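Participant: The structure is given below, and queries will be raised subsequently.
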Amino acid sequence: MNRILVVDDETDVLEAVSHSLGRRGYVVAIAANAEEGLEKVKRERFDVVLMDLRLPGMDGMEALRKIKKIDPEVEVIMITAYASIDTAIESMKEGAYEYVEKPLNINKLIVLIEKALEKHQLTETVAFYEVSKAIFSTIEMEGLLKIIVDLSLRLMRADDVSIMLFDEHGKLYIAISHGLDEDVKKTTRLALGEKIAGWVAENKQPMLLINGLKDSSLFKDLPAREEIKSSIVAPLIKNDKVIGILSLNRLINEENFSKIDLYKTNIFGSLASLALDNANLYTGLSVMQEKLIAANKRLEENEKKALAMCNELKETDEQLKDSRLQLSHSAKLAGLGRLVSDMAHEVNNPLMVIQGSAQLYFLDGVSDTEKRKNIDIIISECQRAKEIIQRLLKFSRPSKGVFKDADINASIEYIIGLIEHQFSLSGARIVRYYGENLPHVYIEEQQMQEVVMNLLNNARDAIEKEGVITVRTIREGTFVRVDFKDSGCGMDKDTLDKIFEPFFTTKEKGTGLGLPVCCGIVKAHNGELRFESQPGKGTTAVLLLPLGRKE
């Protein structure tokens, strides 16, 4: 319901206007002079003030200025019996909405009051929209508290503002302030019911204090700040629960807070409470999110550590397997070496006797063709057996030879020059991709050429009819890498795992000693020999040789 204050020193005007407005549903208050009218504006909230321009004592123009200081939003309509353009302009400059001439036309006055009320309501709506827009512009607590303080200073014309919130122990602390000493801010902690803020929080009621605490029966015994002229302490309530306290003080401003200010503070506090509650929810969600992110990060780190440990265990297990295989292989090789050494001496002598006897038969001139053929086979197989024994001896006691820096491209090309024509007759074409400006390698050249020959022969044997053998050399770190890739049948994993075992062979007439010998030579060079293969996709022999001493 709209409230209207009529200020006029003529009793008949007061009675007539208040009666007419009361019949139309307005709540009307009257004052016979400016001073009385000002006191009513200080104590009560009005939407429109009708005031005579000429009043005894303080005139209407001065009263207009003071009313606008107390409540800038109230609409004031000036009443005058001496209308002039100058009077109208002056009153408008001081904030009057409009002026009317005596004698008053009630119908015209009602229309004017309705327009003033529309403007007043629109002004209030816009003001609250701007306040709401500012308050709800952020949900981050620190920024929101600063906005509430700034708005309080501006809208309530306060000199000193503070907002108290509850800590984890249920005590009020100063979350933000303007005009308070930092030591006071840091040390203040209030329980419910303690001092003014505690009382307001406990009773959920705002307090309007005039002239400090002198006129308050509740708080007159409390120590007070002498510089405070008036205060408003209001609870910030959300869902009937106090979430904070808003304190406003006037120190420099001589004008005391009024009931209108208290009314505005309550409305402003309702908006602030809603925004603070949203900020609390956001803060809680942010804390939970941070905890979840931290927990998830810890889980990821633990998962990485567990995965690293698993990988490390796998690597250790693989290394143990490799070590067992190497130990087993070394034991086999050591036993084989002793066996081969003994066997070579035991077998070589009978072979020489057999081969020598067979050759004597040839010298005696055996005429029987069948016998000559058989003797020829005996001599040939004796020679083959002697070669196998030599390879066994080389496997069991590889010659150290003379190591030197050598051009690996030239060494490989020398071997290819010897065998390329023969390979082409069997359908195997050799393609070279030699790396340019390759550093020398530190090798025993004859032994390494034997390795190259063996790897090329294996590549040719893997090609059934026609195919390509690709030889490629490149630098790889502190090694020179040589790839021998064939387009042959390839090997399965089971075969790959056995190729370095002595006497293992997939060839019909193979001895199974070629690759073990090659592996021994490469290891003696501090190099590496490995194979990459899949059935039907060919095989690549990868040879890594250390760089030369001068490189």
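Chain labels A, B, ... are given in the sequence in which chains occur in the structure tokens; within each chain residues are numbered consecutively from 1, and ligands are likewise numbered from 1 in the order shown.
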From a backbone DSSP assignment, name each residue in region 226-287 of chain A labelled strand (DSSP E), as a list in words.
Facilitator: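 Strand (DSSP E) assignments inside region 226-287 of chain A correspond to Ser230, Ser231, Ile232, Val233, Ala234, Pro235, Leu236, Ile237, Lys238, Lys241, Val242, Ile243, Gly244, Ile245, Leu246, Ser247, Leu248, Asn249 and Arg250 of chain A.
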Participant: Deliver the residues from the most recent selection as a file, using N, CA and C atoms, as a short mmCIF file (atom, residue, chain, number, x, y, z; two decimals), in the first residue's frame.
Facilitator:
data_model
loop_
_atom_site.label_atom_id
_atom_site.label_comp_id
_atom_site.auth_asym_id
_atom_site.auth_seq_id
_atom_site.Cartn_x
_atom_site.Cartn_y
_atom_site.Cartn_z
N SER A 230 25.88 6.69 14.03
CA SER A 230 24.72 5.80 13.94
C SER A 230 25.13 4.51 13.23
N SER A 231 24.37 3.45 13.50
CA SER A 231 24.72 2.14 12.96
C SER A 231 23.48 1.34 12.59
N ILE A 232 23.67 0.43 11.62
CA ILE A 232 22.68 -0.59 11.33
C ILE A 232 23.41 -1.93 11.35
N VAL A 233 22.92 -2.85 12.15
CA VAL A 233 23.49 -4.20 12.20
C VAL A 233 22.38 -5.16 11.82
N ALA A 234 22.52 -5.83 10.67
CA ALA A 234 21.43 -6.65 10.12
C ALA A 234 21.89 -8.08 9.90
N PRO A 235 21.00 -9.05 10.22
CA PRO A 235 21.34 -10.45 9.97
C PRO A 235 21.18 -10.78 8.48
N LEU A 236 22.07 -11.60 7.96
CA LEU A 236 21.95 -12.11 6.59
C LEU A 236 21.38 -13.52 6.71
N ILE A 237 20.12 -13.68 6.31
CA ILE A 237 19.37 -14.91 6.57
C ILE A 237 19.01 -15.60 5.26
N LYS A 238 19.22 -16.92 5.24
CA LYS A 238 18.81 -17.76 4.10
C LYS A 238 18.12 -19.00 4.65
N LYS A 241 18.00 -19.39 8.36
CA LYS A 241 19.29 -19.64 9.02
C LYS A 241 20.19 -18.44 8.80
N VAL A 242 20.77 -17.94 9.89
CA VAL A 242 21.69 -16.80 9.79
C VAL A 242 23.02 -17.28 9.22
N ILE A 243 23.44 -16.67 8.12
CA ILE A 243 24.71 -17.07 7.50
C ILE A 243 25.78 -15.99 7.66
N GLY A 244 25.36 -14.81 8.17
CA GLY A 244 26.33 -13.74 8.37
C GLY A 244 25.67 -12.50 8.95
N ILE A 245 26.49 -11.48 9.18
CA ILE A 245 26.03 -10.21 9.74
C ILE A 245 26.59 -9.07 8.89
N LEU A 246 25.71 -8.11 8.52
CA LEU A 246 26.12 -6.91 7.79
C LEU A 246 26.07 -5.73 8.75
N SER A 247 27.21 -5.06 8.93
CA SER A 247 27.28 -3.91 9.85
C SER A 247 27.61 -2.65 9.06
N LEU A 248 26.77 -1.58 9.27
CA LEU A 248 26.97 -0.30 8.59
C LEU A 248 27.13 0.78 9.65
N ASN A 249 28.12 1.63 9.51
CA ASN A 249 28.34 2.73 10.44
C ASN A 249 28.51 4.04 9.69
N ARG A 250 27.97 5.11 10.30
CA ARG A 250 28.20 6.46 9.78
C ARG A 250 29.10 7.19 10.77
#
Participant: Can you pull out every residue within 9 Å of Ala158 (chain A), counting only C-alpha atoms, but drop anything in the same chain fewer than 2 positions away, and send it as a list in words?
Facilitator: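 Listing them by chain and then by number gives Ser152, Leu153, Arg154, Leu155, Met156, Asp160, Val161, Ser231, Leu248, Asn249, Arg250, Leu251, Ile252, Asn253 and Phe257 of chain A.
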Participant: Which of these, A:Glu370, A:Asp486, A:Glu501, A:Glu301, has the shortest distance to Glu532 (chain A) once you count only C-alpha atoms?
Facilitator: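 Among A:Glu370, A:Asp486, A:Glu501, A:Glu301, it is A:Asp486 that comes nearest to Glu532 (chain A).
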Participant: Using only C-alpha atoms for the distances, tell me which of A:Glu130, A:Asp181, A:Asp47, A:Glu318 is nearest to Ala116 (chain A).
Facilitator: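 With only C-alpha atoms as the atom set, the closest residue is A:Asp47.
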Participant: Can you pull out every residue within 8 Å of Val100 (chain A), counting only C-alpha atoms, but drop anything in the same chain fewer than 3 positions away, and send it as a list in words?
Facilitator: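 Neighbouring residues, sequence-local ones excluded: Ile77, Met78, Ile79, Thr80, Leu104 and Leu109 of chain A.
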Participant: Write the residues of the selection above to a file with N, CA and C atoms, as a JSON list (two decimals), in the first residue's frame.
Facilitator:
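Contents of the output file part.json:
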[["chain", "number", "residue", "atom", "x", "y", "z"],
["A", 77, "ILE", "N", 6.21, 16.38, -4.55],
["A", 77, "ILE", "CA", 5.38, 17.29, -5.37],
["A", 77, "ILE", "C", 5.19, 18.57, -4.56],
["A", 78, "MET", "N", 5.64, 19.71, -5.11],
["A", 78, "MET", "CA", 5.56, 20.99, -4.42],
["A", 78, "MET", "C", 4.20, 21.63, -4.67],
["A", 79, "ILE", "N", 3.62, 22.22, -3.61],
["A", 79, "ILE", "CA", 2.32, 22.92, -3.69],
["A", 79, "ILE", "C", 2.59, 24.42, -3.50],
["A", 80, "THR", "N", 2.07, 25.23, -4.39],
["A", 80, "THR", "CA", 2.31, 26.68, -4.28],
["A", 80, "THR", "C", 1.10, 27.47, -4.74],
["A", 104, "LEU", "N", -6.22, 23.55, -4.98],
["A", 104, "LEU", "CA", -5.92, 22.22, -5.50],
["A", 104, "LEU", "C", -7.13, 21.61, -6.18],
["A", 109, "LEU", "N", -4.64, 16.32, -8.99],
["A", 109, "LEU", "CA", -3.62, 15.93, -8.02],
["A", 109, "LEU", "C", -3.47, 14.40, -7.97]]
Participant: What is the distance, in Å and to one decimal place, between CA of Leu122 (chain A) and CA of Ile135 (chain A)?
Facilitator: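 Spanning CA of Leu122 (chain A) to CA of Ile135 (chain A) is a straight-line distance of 19.6 Å.
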Participant: Hey, what's within 12 Å of Ala134 (chain A) if we count only C-alpha atoms and toss same-chain stuff fewer than 5 positions away? As a list in words, please?
Facilitator: Ala127, Phe128, Tyr129, Ile139, Gly143, Leu144, Leu145, Lys146, Ile147, Ile148, Val149, Asp150, Leu151, Ser152, Phe268, Leu271, Ala272 and Ala275 of chain A
Participant: Take the residues from that selection and put them in a file with N, CA and C atoms, as a compact mmCIF listing (two decimals), in the first residue's frame.
Facilitator:
# COMPACT_ATOMS: atom_id res chain seq x y z
N ALA A 127 16.67 0.37 -9.53
CA ALA A 127 17.73 0.35 -8.51
C ALA A 127 17.98 -1.07 -8.03
N PHE A 128 16.89 -1.79 -7.73
CA PHE A 128 17.06 -3.17 -7.26
C PHE A 128 17.59 -4.08 -8.35
N TYR A 129 17.21 -3.80 -9.59
CA TYR A 129 17.76 -4.58 -10.71
C TYR A 129 19.26 -4.38 -10.80
N ILE A 139 30.01 -15.67 -8.43
CA ILE A 139 29.73 -16.64 -7.36
C ILE A 139 31.01 -16.99 -6.62
N GLY A 143 35.33 -12.09 -4.36
CA GLY A 143 34.82 -11.02 -5.22
C GLY A 143 33.43 -10.56 -4.80
N LEU A 144 32.58 -11.51 -4.39
CA LEU A 144 31.21 -11.16 -3.97
C LEU A 144 31.23 -10.29 -2.71
N LEU A 145 32.05 -10.64 -1.73
CA LEU A 145 32.13 -9.85 -0.50
C LEU A 145 32.54 -8.41 -0.81
N LYS A 146 33.47 -8.24 -1.72
CA LYS A 146 33.92 -6.89 -2.08
C LYS A 146 32.79 -6.11 -2.74
N ILE A 147 32.00 -6.77 -3.60
CA ILE A 147 30.87 -6.10 -4.26
C ILE A 147 29.84 -5.66 -3.23
N ILE A 148 29.52 -6.53 -2.25
CA ILE A 148 28.53 -6.19 -1.22
C ILE A 148 29.01 -4.98 -0.41
N VAL A 149 30.28 -4.96 -0.04
CA VAL A 149 30.81 -3.82 0.71
C VAL A 149 30.74 -2.54 -0.11
N ASP A 150 31.15 -2.60 -1.38
CA ASP A 150 31.12 -1.41 -2.24
C ASP A 150 29.70 -0.88 -2.41
N LEU A 151 28.73 -1.79 -2.61
CA LEU A 151 27.34 -1.36 -2.76
C LEU A 151 26.81 -0.75 -1.46
N SER A 152 27.19 -1.33 -0.33
CA SER A 152 26.74 -0.80 0.96
C SER A 152 27.25 0.62 1.18
N PHE A 268 18.23 -5.16 0.80
CA PHE A 268 19.57 -5.40 0.27
C PHE A 268 20.19 -6.65 0.90
N LEU A 271 19.00 -9.92 -0.71
CA LEU A 271 19.72 -10.23 -1.95
C LEU A 271 21.13 -10.73 -1.66
N ALA A 272 21.79 -10.05 -0.71
CA ALA A 272 23.16 -10.44 -0.36
C ALA A 272 23.19 -11.85 0.23
N ALA A 275 22.93 -14.40 -2.54
CA ALA A 275 24.20 -14.47 -3.29
C ALA A 275 25.28 -15.17 -2.47
Participant: Would you compute the distance between CA of Arg225 (chain A) and CA of Leu172 (chain A)? Give it in Å to one decimal.
Facilitator: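 About the pair CA of Arg225 (chain A) and CA of Leu172 (chain A): they are 19.4 Å apart.
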Participant: Which polymer residues have any atom within 10 Å of an atom of Ile196 (chain A), counting only C-alpha atoms, with same-chain residues fewer than 4 positions away left out, as an NGL selection string?
Facilitator: :A and (190 or 192 or 200-202 or 206-207 or 213 or 218-219 or 222 or 233 or 247)
Participant: Using DSSP assignments from the backbone, pull out every residue in region 86-244 of chain A that falls under alpha helix (DSSP H) and give it to me as a ChimeraX atom specification.
Facilitator: /A:86-93,106-135,141-155,182-187,195-203
Participant: For Arg65 (chain A), which residue among A:Cys310, A:Leu208, A:Ala34, A:Cys382 is the nearest when counting only C-alpha atoms?
Facilitator: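 Of A:Cys310, A:Leu208, A:Ala34, A:Cys382, the one nearest Arg65 (chain A) is A:Ala34, counting only C-alpha atoms.
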Participant: Between A:Lys373, A:Arg189, A:Lys485, A:Lys68, which has the minimum distance to Arg472 (chain A) (counting only C-alpha atoms)?
Facilitator: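 Comparing A:Lys373, A:Arg189, A:Lys485, A:Lys68 against Arg472 (chain A), the winner is A:Lys485.
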Participant: Could you pull the residues within 9 Å of Phe479 (chain A), counting only C-alpha atoms, minus those fewer than 6 positions along the same chain, as a list in words?
Facilitator: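 Returned residues: Val441, Gly527, Leu544, Leu545, Pro546 and Leu547 of chain A.
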Participant: Counting only C-alpha atoms, what is within 8 Å of region 465-471 of chain A, bar same-chain residues fewer than 2 positions away, as a ChimeraX atom specification?
Facilitator: /A:426-434,456,459-460,463,473,482-488
Participant: Keeping only C-alpha atoms, take the residues you just selected and write them out as a compact mmCIF listing (two decimals), in the first residue's frame.
Facilitator:
# COMPACT_ATOMS: atom_id res chain seq x y z
CA SER A 426 69.59 -68.85 -58.77
CA GLY A 427 67.06 -65.96 -59.06
CA ALA A 428 68.28 -63.79 -56.15
CA ARG A 429 68.97 -60.14 -57.02
CA ILE A 430 71.06 -58.01 -54.62
CA VAL A 431 70.15 -54.31 -54.10
CA ARG A 432 72.51 -51.98 -52.16
CA TYR A 433 71.70 -48.82 -50.22
CA TYR A 434 75.04 -47.79 -48.74
CA LEU A 456 73.87 -63.42 -47.59
CA ALA A 459 69.07 -64.85 -47.39
CA ARG A 460 69.50 -66.57 -50.76
CA ILE A 463 64.20 -67.31 -51.47
CA THR A 473 74.02 -49.43 -44.15
CA VAL A 482 73.81 -53.20 -41.56
CA ASP A 483 70.47 -54.71 -42.64
CA PHE A 484 70.26 -57.85 -44.82
CA LYS A 485 66.59 -58.10 -45.84
CA ASP A 486 65.28 -60.92 -48.02
CA SER A 487 61.89 -61.42 -49.69
CA GLY A 488 61.80 -65.08 -48.70
Participant: With distances taken over only C-alpha atoms, which residue among A:Ser258, A:Gln446, A:Thr138, A:Asn296 lies nearest Thr283 (chain A)?
Facilitator: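 Checking each candidate against Thr283 (chain A), we get A:Thr138 as the closest.
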Participant: Between CA of Asp407 (chain A) and CA of Ser424 (chain A), what is the distance, to one decimal in Å?
Facilitator: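 Calculated distance between CA of Asp407 (chain A) and CA of Ser424 (chain A) is 25.4 Å.
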Participant: Which one of A:Thr478, A:Asn458, A:Gln390, A:Ser20 sits closest to Thr540 (chain A) if you count only C-alpha atoms?
Facilitator: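 The closest residue to Thr540 (chain A) is A:Asn458.
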